[in-house]
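Below: model01.txt (compact mmCIF, C-alpha atoms)
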# COMPACT_ATOMS: atom_id res chain seq x y z
CA MET J 1 -33.26 3.43 3.01
CA LEU J 2 -30.17 5.66 2.80
CA ASP J 3 -30.58 9.34 3.43
CA VAL J 4 -29.31 11.83 0.84
CA ASP J 5 -25.90 12.34 2.50
CA GLU J 6 -25.27 8.59 2.70
CA GLN J 7 -26.35 8.21 -0.92
CA GLN J 8 -23.99 11.00 -1.99
CA TYR J 9 -21.14 9.44 0.00
CA LYS J 10 -21.79 6.02 -1.55
CA ALA J 11 -21.88 7.63 -5.01
CA ALA J 12 -18.52 9.32 -4.29
CA GLN J 13 -17.02 5.99 -3.21
CA ASP J 14 -18.40 4.35 -6.34
CA ARG J 15 -16.78 7.07 -8.46
CA THR J 16 -13.39 6.54 -6.80
CA ASP J 17 -13.68 2.80 -7.39
CA ALA J 18 -14.72 3.40 -11.02
CA LYS J 19 -11.63 5.53 -11.67
CA LEU J 20 -9.45 2.67 -10.35
CA ARG J 21 -11.25 0.28 -12.70
CA TYR J 22 -10.78 2.67 -15.64
CA ALA J 23 -7.04 2.82 -14.93
CA ALA J 24 -7.04 -1.00 -14.89
CA VAL J 25 -8.73 -1.04 -18.32
CA HIS J 26 -5.79 0.93 -19.71
CA LEU J 27 -3.30 -1.39 -18.02
CA ASP J 28 -4.98 -4.35 -19.70
CA GLU J 29 -4.81 -2.60 -23.07
CA LEU J 30 -1.13 -1.81 -22.55
CA ARG J 31 -0.33 -5.42 -21.65
CA ASN J 32 -1.65 -6.44 -25.07
CA THR J 33 -0.02 -3.66 -27.09
CA GLU J 34 3.11 -3.91 -29.19
CA ARG J 35 5.73 -1.69 -27.65
CA ARG J 36 6.59 0.68 -30.44
CA GLY J 37 5.91 4.04 -28.81
CA GLY J 38 3.05 4.89 -31.16
CA ASP J 39 0.03 7.05 -30.46
CA PHE J 40 -2.11 4.15 -29.20
CA GLU J 41 0.47 3.17 -26.58
CA ARG J 42 1.22 6.74 -25.50
CA ALA J 43 -2.47 7.64 -25.33
CA HIS J 44 -3.08 4.68 -23.04
CA GLN J 45 -0.12 5.61 -20.85
CA GLU J 46 -1.47 9.13 -20.43
CA SER J 47 -5.01 7.84 -19.88
CA PHE J 48 -3.78 5.47 -17.20
CA LEU J 49 -2.15 8.36 -15.32
CA PHE J 50 -5.28 10.50 -15.81
CA HIS J 51 -7.56 7.86 -14.30
CA LEU J 52 -5.12 6.94 -11.55
CA PHE J 53 -5.22 10.53 -10.34
CA GLY J 54 -8.92 10.71 -11.02
CA ALA J 55 -9.22 8.14 -8.22
CA ARG J 56 -7.28 10.47 -5.92
CA ASP J 57 -9.49 13.40 -6.92
CA ALA J 58 -12.66 11.37 -6.42
CA PHE J 59 -11.40 10.33 -3.01
CA LEU J 60 -11.06 14.02 -2.09
CA GLN J 61 -14.79 14.33 -2.79
CA GLU J 62 -15.39 11.40 -0.43
CA LEU J 63 -13.49 13.31 2.26
CA ASN J 64 -15.46 16.49 1.53
CA LEU J 65 -18.70 14.59 2.15
CA PHE J 66 -17.39 12.49 5.05
CA HIS J 67 -16.20 15.56 6.98
CA GLU J 68 -19.24 17.60 5.91
CA CYS J 69 -17.02 20.40 4.58
CA GLY J 70 -19.70 21.60 2.17
CA LEU J 71 -17.37 22.47 -0.70
CA PRO J 72 -19.15 22.50 -4.07
CA LEU J 73 -18.15 19.56 -6.26
CA GLU J 74 -16.17 21.72 -8.70
CA GLU J 75 -14.18 23.37 -5.89
CA VAL J 76 -12.89 20.24 -4.14
CA THR J 77 -9.11 20.38 -4.26
CA ARG J 78 -6.53 19.14 -1.81
CA GLY J 79 -5.74 22.67 -0.60
CA LYS J 80 -9.34 23.88 -0.30
CA LEU J 81 -10.32 20.69 1.48
CA ALA J 82 -7.46 21.03 3.97
CA LYS J 83 -8.54 24.61 4.70
CA ALA J 84 -12.20 23.60 5.10
CA VAL J 85 -11.27 20.79 7.49
CA GLN J 86 -9.09 23.18 9.51
CA ASP J 87 -11.72 25.96 9.50
CA GLY J 88 -14.31 23.47 10.74
CA ARG J 89 -11.95 22.50 13.56
CA LYS J 90 -12.01 18.94 12.33
CA HIS J 91 -9.24 16.43 11.86
CA SER J 92 -8.74 14.22 8.84
CA GLU J 93 -6.01 11.66 9.28
CA ALA J 94 -6.72 10.43 5.75
CA LEU J 95 -6.20 13.88 4.23
CA GLU J 96 -3.03 14.43 6.26
CA LYS J 97 -1.57 11.11 5.08
CA LEU J 98 -2.48 11.86 1.48
CA ILE J 99 -0.92 15.33 1.59
CA GLU J 100 2.23 14.00 3.27
CA LEU J 101 2.66 11.27 0.66
CA GLU J 102 2.03 13.64 -2.23
CA LYS J 103 4.51 16.22 -0.92
CA ASP J 104 7.24 13.61 -0.41
CA GLN J 105 9.30 14.11 -3.58
CA THR J 106 10.63 10.54 -3.28
CA SER J 107 7.21 8.84 -3.06
CA TRP J 108 5.53 6.87 -5.83
CA LEU J 109 2.52 9.20 -5.59
CA SER J 110 4.60 12.32 -6.10
CA CYS J 111 6.38 10.82 -9.11
CA ALA J 112 3.14 9.57 -10.66
CA LYS J 113 1.45 12.93 -10.08
CA GLU J 114 4.30 14.79 -11.73
CA MET J 115 4.14 12.49 -14.76
CA ARG J 116 0.38 12.98 -14.98
CA ASP J 117 0.69 16.76 -14.65
CA HIS J 118 3.52 16.89 -17.17
CA SER J 119 1.66 14.82 -19.75
CA THR J 120 -1.56 16.74 -19.20
CA HIS J 121 -0.22 20.29 -19.22
CA ARG J 122 3.24 20.40 -20.79
CA HIS J 123 4.51 17.58 -22.97
CA SER J 124 4.68 13.82 -23.20
CA VAL J 125 6.75 12.01 -20.59
CA PRO J 126 10.22 11.20 -22.00
CA ARG J 127 10.98 7.52 -22.49
CA VAL J 128 14.08 5.35 -22.67
CA TYR J 129 13.77 2.37 -25.04
CA HIS J 130 16.09 -0.59 -24.48
CA VAL J 131 17.22 -2.30 -27.64
CA GLY J 132 19.52 -5.26 -27.06
CA GLY J 133 21.01 -6.49 -23.82
CA GLU J 134 19.30 -7.96 -20.79
CA ARG J 135 16.66 -5.20 -20.69
CA TYR J 136 15.72 -5.61 -24.35
CA GLY J 137 12.18 -4.46 -25.01
CA GLU J 138 11.79 -2.60 -21.73
CA VAL J 139 10.66 1.01 -21.73
CA PHE J 140 11.51 3.33 -18.86
CA LEU J 141 9.69 6.59 -18.21
CA THR J 142 11.71 9.57 -17.08
CA ASP J 143 10.99 11.43 -13.87
CA THR J 144 10.40 14.86 -15.36
CA ARG J 145 11.61 16.62 -12.22
CA SER J 146 15.06 15.03 -12.19
CA GLY J 147 15.43 13.95 -15.81
CA VAL J 148 16.43 10.49 -14.58
CA ALA J 149 14.77 7.37 -15.97
CA VAL J 150 12.74 5.38 -13.44
CA GLU J 151 14.53 2.01 -13.40
CA HIS J 152 11.44 -0.13 -14.04
CA ASP J 153 9.65 -1.03 -17.22
CA TYR J 154 6.69 1.34 -17.43
CA LEU J 155 4.12 -1.45 -17.41
CA ALA J 156 5.51 -2.95 -14.19
CA LEU J 157 5.71 0.57 -12.76
CA PHE J 158 2.09 1.32 -13.67
CA GLU J 159 0.93 -2.01 -12.20
CA GLU J 160 2.77 -1.16 -8.98
CA TRP J 161 1.26 2.32 -8.86
CA HIS J 162 -2.23 0.97 -9.51
CA GLY J 163 -1.84 -1.52 -6.65
CA ASN J 164 -0.42 1.23 -4.43
CA MET J 165 -3.37 3.52 -5.20
CA MET J 166 -5.91 0.78 -4.44
CA THR J 167 -4.17 0.02 -1.13
CA LEU J 168 -3.84 3.72 -0.31
CA ILE J 169 -7.55 4.38 -0.88
CA GLN J 170 -8.51 1.35 1.25
CA ASP J 171 -6.14 2.41 4.04
CA LEU J 172 -7.30 6.03 3.95
CA ARG J 173 -10.95 5.02 4.01
CA SER J 174 -10.33 2.93 7.10
CA SER J 175 -8.48 5.78 8.84
CA ASN J 176 -11.54 8.09 8.72

Transcribe the structure of this file into structure tokens.
Amino acid sequence: MLDVDEQQYKAAQDRTDAKLRYAAVHLDELRNTERRGGDFERAHQESFLFHLFGARDAFLQELNLFHECGLPLEEVTRGKLAKAVQDGRKHSEALEKLIELEKDQTSWLSCAKEMRDHSTHRHSVPRVYHVGGERYGEVFLTDTRSGVAVEHDYLALFEEWHGNMMTLIQDLRSSN
């Protein structure tokens, strides 16, 4: 039988995995949606980003439990967790890698986070629709920091980010 801490840790892992599945649900919906830029499509784009970063946030809770930092559930943030790890004279390679990737302005994680933050707190993410030519039907999202369109169709970009997040979580779990 698992003790309470192991049960909590397993529940945190399950939550991280669930958020990845929820993001995948929205990817599936987007694959089967007409690309017209309507509310259904935009809502699913924003929901995908929300759940993708929900996986990152849930993973922070895993680290809180793994390193026995003792932060209350509602206070687990990247910054507070880093301080708790440091104050406890512990080392978290997983947290360091996550912070480094998120701070790298050229990384997929940084770009995805900015799009999620922008769509959650400010405005919808600007889009470029291709009508005619070899990119006909493709839709690019704009990096809101630079104002430059990301040169991939958003669905391919989201699929890449989802795969990257799954790999990142697996890699970070194994580095603990």

**Report entry** Shortest interatomic distance to Leu141 of chain J - which of J:Phe40, J:Asp171, J:Glu159, J:Cys111, counting all atoms listed in the file
**Finding:** J:Cys111

Requested in this report: Enumerate, as an MDAnalysis selection string, the protein, DNA and RNA residues whose atoms approach (-5.7, 1.0, -8.4) to within 10 Å, taking into account all atoms listed in the file and the coordinate frame of the file.
Outcome: chainID J and resid 16:24 51:53 55:56 158:169

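Of the residues under consideration (J:Glu62, J:Ser175, J:Asp28, J:Pro72), J:Ser175 shows the shortest atom-to-atom contact distance to Lys97 of chain J when counting only C-alpha atoms.
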
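Put simply, atom CA of Arg36 of chain J is 19.8 Å away from atom CA of Met115 of chain J.
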
**Report entry** Shortest interatomic distance to Ser107 of chain J - which of J:Glu68, J:Glu74, J:Asp143, J:Asp14, counting all atoms listed in the file
**Finding:**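 For Ser107 of chain J, the nearest of the candidates is J:Asp143.
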
Query - Å distance separating atom CA of His152 of chain J from atom CA of Asn32 of chain J, one decimal place - result: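 Here the two named atoms are 18.2 Å from each other.
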
Query raised in the report: Hey, which of J:Leu27, J:Leu157, J:Leu172, J:Val150 ends up closest to His44 of chain J? Count only C-alpha atoms.
Result: J:Leu27

**Report entry** Proximity to Arg31 of chain J - best of J:Glu93, J:Ala43, J:Glu100, J:Ala156, only C-alpha atoms
**Finding:** J:Ala156

Requested in this report: Write out as a ChimeraX atom specification the residues lying within 12 Å of Gly79 of chain J, counting all atoms listed in the file and excluding same-chain residues fewer than 2 positions away.
Outcome: /J:57,60,64,71,75-77,81-86,95-96,98-99

Written file, previous selection with C-alpha atoms, as a PDB file, in the coordinates of the input:
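Done, and the output landed in part.pdb:
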ATOM      1  CA  ASP J  57      -9.490  13.400  -6.920  1.00  0.00           C
ATOM      2  CA  LEU J  60     -11.060  14.020  -2.090  1.00  0.00           C
ATOM      3  CA  ASN J  64     -15.460  16.490   1.530  1.00  0.00           C
ATOM      4  CA  LEU J  71     -17.370  22.470  -0.700  1.00  0.00           C
ATOM      5  CA  GLU J  75     -14.180  23.370  -5.890  1.00  0.00           C
ATOM      6  CA  VAL J  76     -12.890  20.240  -4.140  1.00  0.00           C
ATOM      7  CA  THR J  77      -9.110  20.380  -4.260  1.00  0.00           C
ATOM      8  CA  LEU J  81     -10.320  20.690   1.480  1.00  0.00           C
ATOM      9  CA  ALA J  82      -7.460  21.030   3.970  1.00  0.00           C
ATOM     10  CA  LYS J  83      -8.540  24.610   4.700  1.00  0.00           C
ATOM     11  CA  ALA J  84     -12.200  23.600   5.100  1.00  0.00           C
ATOM     12  CA  VAL J  85     -11.270  20.790   7.490  1.00  0.00           C
ATOM     13  CA  GLN J  86      -9.090  23.180   9.510  1.00  0.00           C
ATOM     14  CA  LEU J  95      -6.200  13.880   4.230  1.00  0.00           C
ATOM     15  CA  GLU J  96      -3.030  14.430   6.260  1.00  0.00           C
ATOM     16  CA  LEU J  98      -2.480  11.860   1.480  1.00  0.00           C
ATOM     17  CA  ILE J  99      -0.920  15.330   1.590  1.00  0.00           C
TER      18      ILE J  99
END

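Considering all atoms listed in the file, the residue among J:Val139, J:Gly54, J:Glu102, J:His91 positioned nearest to Glu151 of chain J is J:Val139.
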
With 3 Å on each side, where is the centre of the axis-aligned box around all listed atoms of segment 8-17 of chain J, and how long are its edges in Å to one decimal, as lines of an AutoDock Vina configuration file?
center_x = -18.7
center_y = 6.9
center_z = -4.2
size_x = 16.6
size_y = 14.2
size_z = 14.5

Requested in this report: Calculate how many Å separate atom CA of Gln45 of chain J from atom CA of Arg145 of chain J, rounding to one decimal.
Outcome: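 The value is 18.3 Å.
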
Model the absent atoms of segment 70-101 of chain J so that N, CA and C atoms are present, and write the result as an mmCIF file, in the frame of the given file.
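The resulting out13.cif:
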data_model
loop_
_atom_site.group_PDB
_atom_site.id
_atom_site.type_symbol
_atom_site.label_atom_id
_atom_site.label_comp_id
_atom_site.auth_asym_id
_atom_site.auth_seq_id
_atom_site.Cartn_x
_atom_site.Cartn_y
_atom_site.Cartn_z
ATOM 1 N N GLY J 70 -18.771 20.785 2.931
ATOM 2 C CA GLY J 70 -19.700 21.600 2.170
ATOM 3 C C GLY J 70 -19.111 22.280 0.944
ATOM 4 N N LEU J 71 -17.927 21.867 0.512
ATOM 5 C CA LEU J 71 -17.370 22.470 -0.700
ATOM 6 C C LEU J 71 -18.173 22.012 -1.911
ATOM 7 N N PRO J 72 -18.476 22.929 -2.834
ATOM 8 C CA PRO J 72 -19.150 22.500 -4.070
ATOM 9 C C PRO J 72 -18.250 21.526 -4.831
ATOM 10 N N LEU J 73 -18.860 20.614 -5.537
ATOM 11 C CA LEU J 73 -18.150 19.560 -6.260
ATOM 12 C C LEU J 73 -16.983 20.101 -7.087
ATOM 13 N N GLU J 74 -17.197 21.182 -7.816
ATOM 14 C CA GLU J 74 -16.170 21.720 -8.700
ATOM 15 C C GLU J 74 -15.061 22.468 -7.967
ATOM 16 N N GLU J 75 -15.194 22.651 -6.658
ATOM 17 C CA GLU J 75 -14.180 23.370 -5.890
ATOM 18 C C GLU J 75 -13.368 22.452 -4.970
ATOM 19 N N VAL J 76 -13.607 21.168 -5.025
ATOM 20 C CA VAL J 76 -12.890 20.240 -4.140
ATOM 21 C C VAL J 76 -11.492 20.012 -4.681
ATOM 22 N N THR J 77 -10.531 20.600 -3.979
ATOM 23 C CA THR J 77 -9.110 20.380 -4.260
ATOM 24 C C THR J 77 -8.453 20.017 -2.932
ATOM 25 N N ARG J 78 -7.253 19.507 -3.029
ATOM 26 C CA ARG J 78 -6.530 19.140 -1.810
ATOM 27 C C ARG J 78 -6.376 20.328 -0.874
ATOM 28 N N GLY J 79 -5.966 21.479 -1.412
ATOM 29 C CA GLY J 79 -5.740 22.670 -0.600
ATOM 30 C C GLY J 79 -7.019 23.234 0.008
ATOM 31 N N LYS J 80 -8.067 23.342 -0.807
ATOM 32 C CA LYS J 80 -9.340 23.880 -0.300
ATOM 33 C C LYS J 80 -9.952 22.939 0.731
ATOM 34 N N LEU J 81 -9.794 21.662 0.526
ATOM 35 C CA LEU J 81 -10.320 20.690 1.480
ATOM 36 C C LEU J 81 -9.563 20.777 2.803
ATOM 37 N N ALA J 82 -8.258 20.903 2.747
ATOM 38 C CA ALA J 82 -7.460 21.030 3.970
ATOM 39 C C ALA J 82 -7.876 22.275 4.754
ATOM 40 N N LYS J 83 -8.104 23.377 4.035
ATOM 41 C CA LYS J 83 -8.540 24.610 4.700
ATOM 42 C C LYS J 83 -9.925 24.441 5.302
ATOM 43 N N ALA J 84 -10.844 23.807 4.591
ATOM 44 C CA ALA J 84 -12.200 23.600 5.100
ATOM 45 C C ALA J 84 -12.199 22.711 6.342
ATOM 46 N N VAL J 85 -11.373 21.683 6.322
ATOM 47 C CA VAL J 85 -11.270 20.790 7.490
ATOM 48 C C VAL J 85 -10.740 21.588 8.678
ATOM 49 N N GLN J 86 -9.690 22.372 8.446
ATOM 50 C CA GLN J 86 -9.090 23.180 9.510
ATOM 51 C C GLN J 86 -10.080 24.229 10.024
ATOM 52 N N ASP J 87 -10.758 24.930 9.108
ATOM 53 C CA ASP J 87 -11.720 25.960 9.500
ATOM 54 C C ASP J 87 -12.876 25.379 10.306
ATOM 55 N N GLY J 88 -13.232 24.143 10.013
ATOM 56 C CA GLY J 88 -14.310 23.470 10.740
ATOM 57 C C GLY J 88 -13.827 22.822 12.033
ATOM 58 N N ARG J 89 -12.566 23.065 12.354
ATOM 59 C CA ARG J 89 -11.950 22.500 13.560
ATOM 60 C C ARG J 89 -12.117 20.980 13.603
ATOM 61 N N LYS J 90 -11.912 20.392 12.442
ATOM 62 C CA LYS J 90 -12.010 18.940 12.330
ATOM 63 C C LYS J 90 -10.614 18.394 12.077
ATOM 64 N N HIS J 91 -10.514 17.095 12.125
ATOM 65 C CA HIS J 91 -9.240 16.430 11.860
ATOM 66 C C HIS J 91 -9.485 15.327 10.843
ATOM 67 N N SER J 92 -8.644 15.270 9.845
ATOM 68 C CA SER J 92 -8.740 14.220 8.840
ATOM 69 C C SER J 92 -7.388 13.546 8.714
ATOM 70 N N GLU J 93 -7.253 12.423 9.380
ATOM 71 C CA GLU J 93 -6.010 11.660 9.280
ATOM 72 C C GLU J 93 -5.769 11.228 7.844
ATOM 73 N N ALA J 94 -6.845 10.865 7.144
ATOM 74 C CA ALA J 94 -6.720 10.430 5.750
ATOM 75 C C ALA J 94 -6.159 11.549 4.879
ATOM 76 N N LEU J 95 -6.678 12.750 5.028
ATOM 77 C CA LEU J 95 -6.200 13.880 4.230
ATOM 78 C C LEU J 95 -4.757 14.206 4.576
ATOM 79 N N GLU J 96 -4.414 14.164 5.849
ATOM 80 C CA GLU J 96 -3.030 14.430 6.260
ATOM 81 C C GLU J 96 -2.066 13.420 5.648
ATOM 82 N N LYS J 97 -2.431 12.148 5.660
ATOM 83 C CA LYS J 97 -1.570 11.110 5.080
ATOM 84 C C LYS J 97 -1.419 11.309 3.575
ATOM 85 N N LEU J 98 -2.516 11.643 2.922
ATOM 86 C CA LEU J 98 -2.480 11.860 1.480
ATOM 87 C C LEU J 98 -1.587 13.038 1.124
ATOM 88 N N ILE J 99 -1.734 14.137 1.834
ATOM 89 C CA ILE J 99 -0.920 15.330 1.590
ATOM 90 C C ILE J 99 0.552 15.030 1.843
ATOM 91 N N GLU J 100 0.836 14.338 2.930
ATOM 92 C CA GLU J 100 2.230 14.000 3.270
ATOM 93 C C GLU J 100 2.863 13.143 2.168
ATOM 94 N N LEU J 101 2.137 12.144 1.699
ATOM 95 C CA LEU J 101 2.660 11.270 0.660
ATOM 96 C C LEU J 101 2.870 12.021 -0.646
#
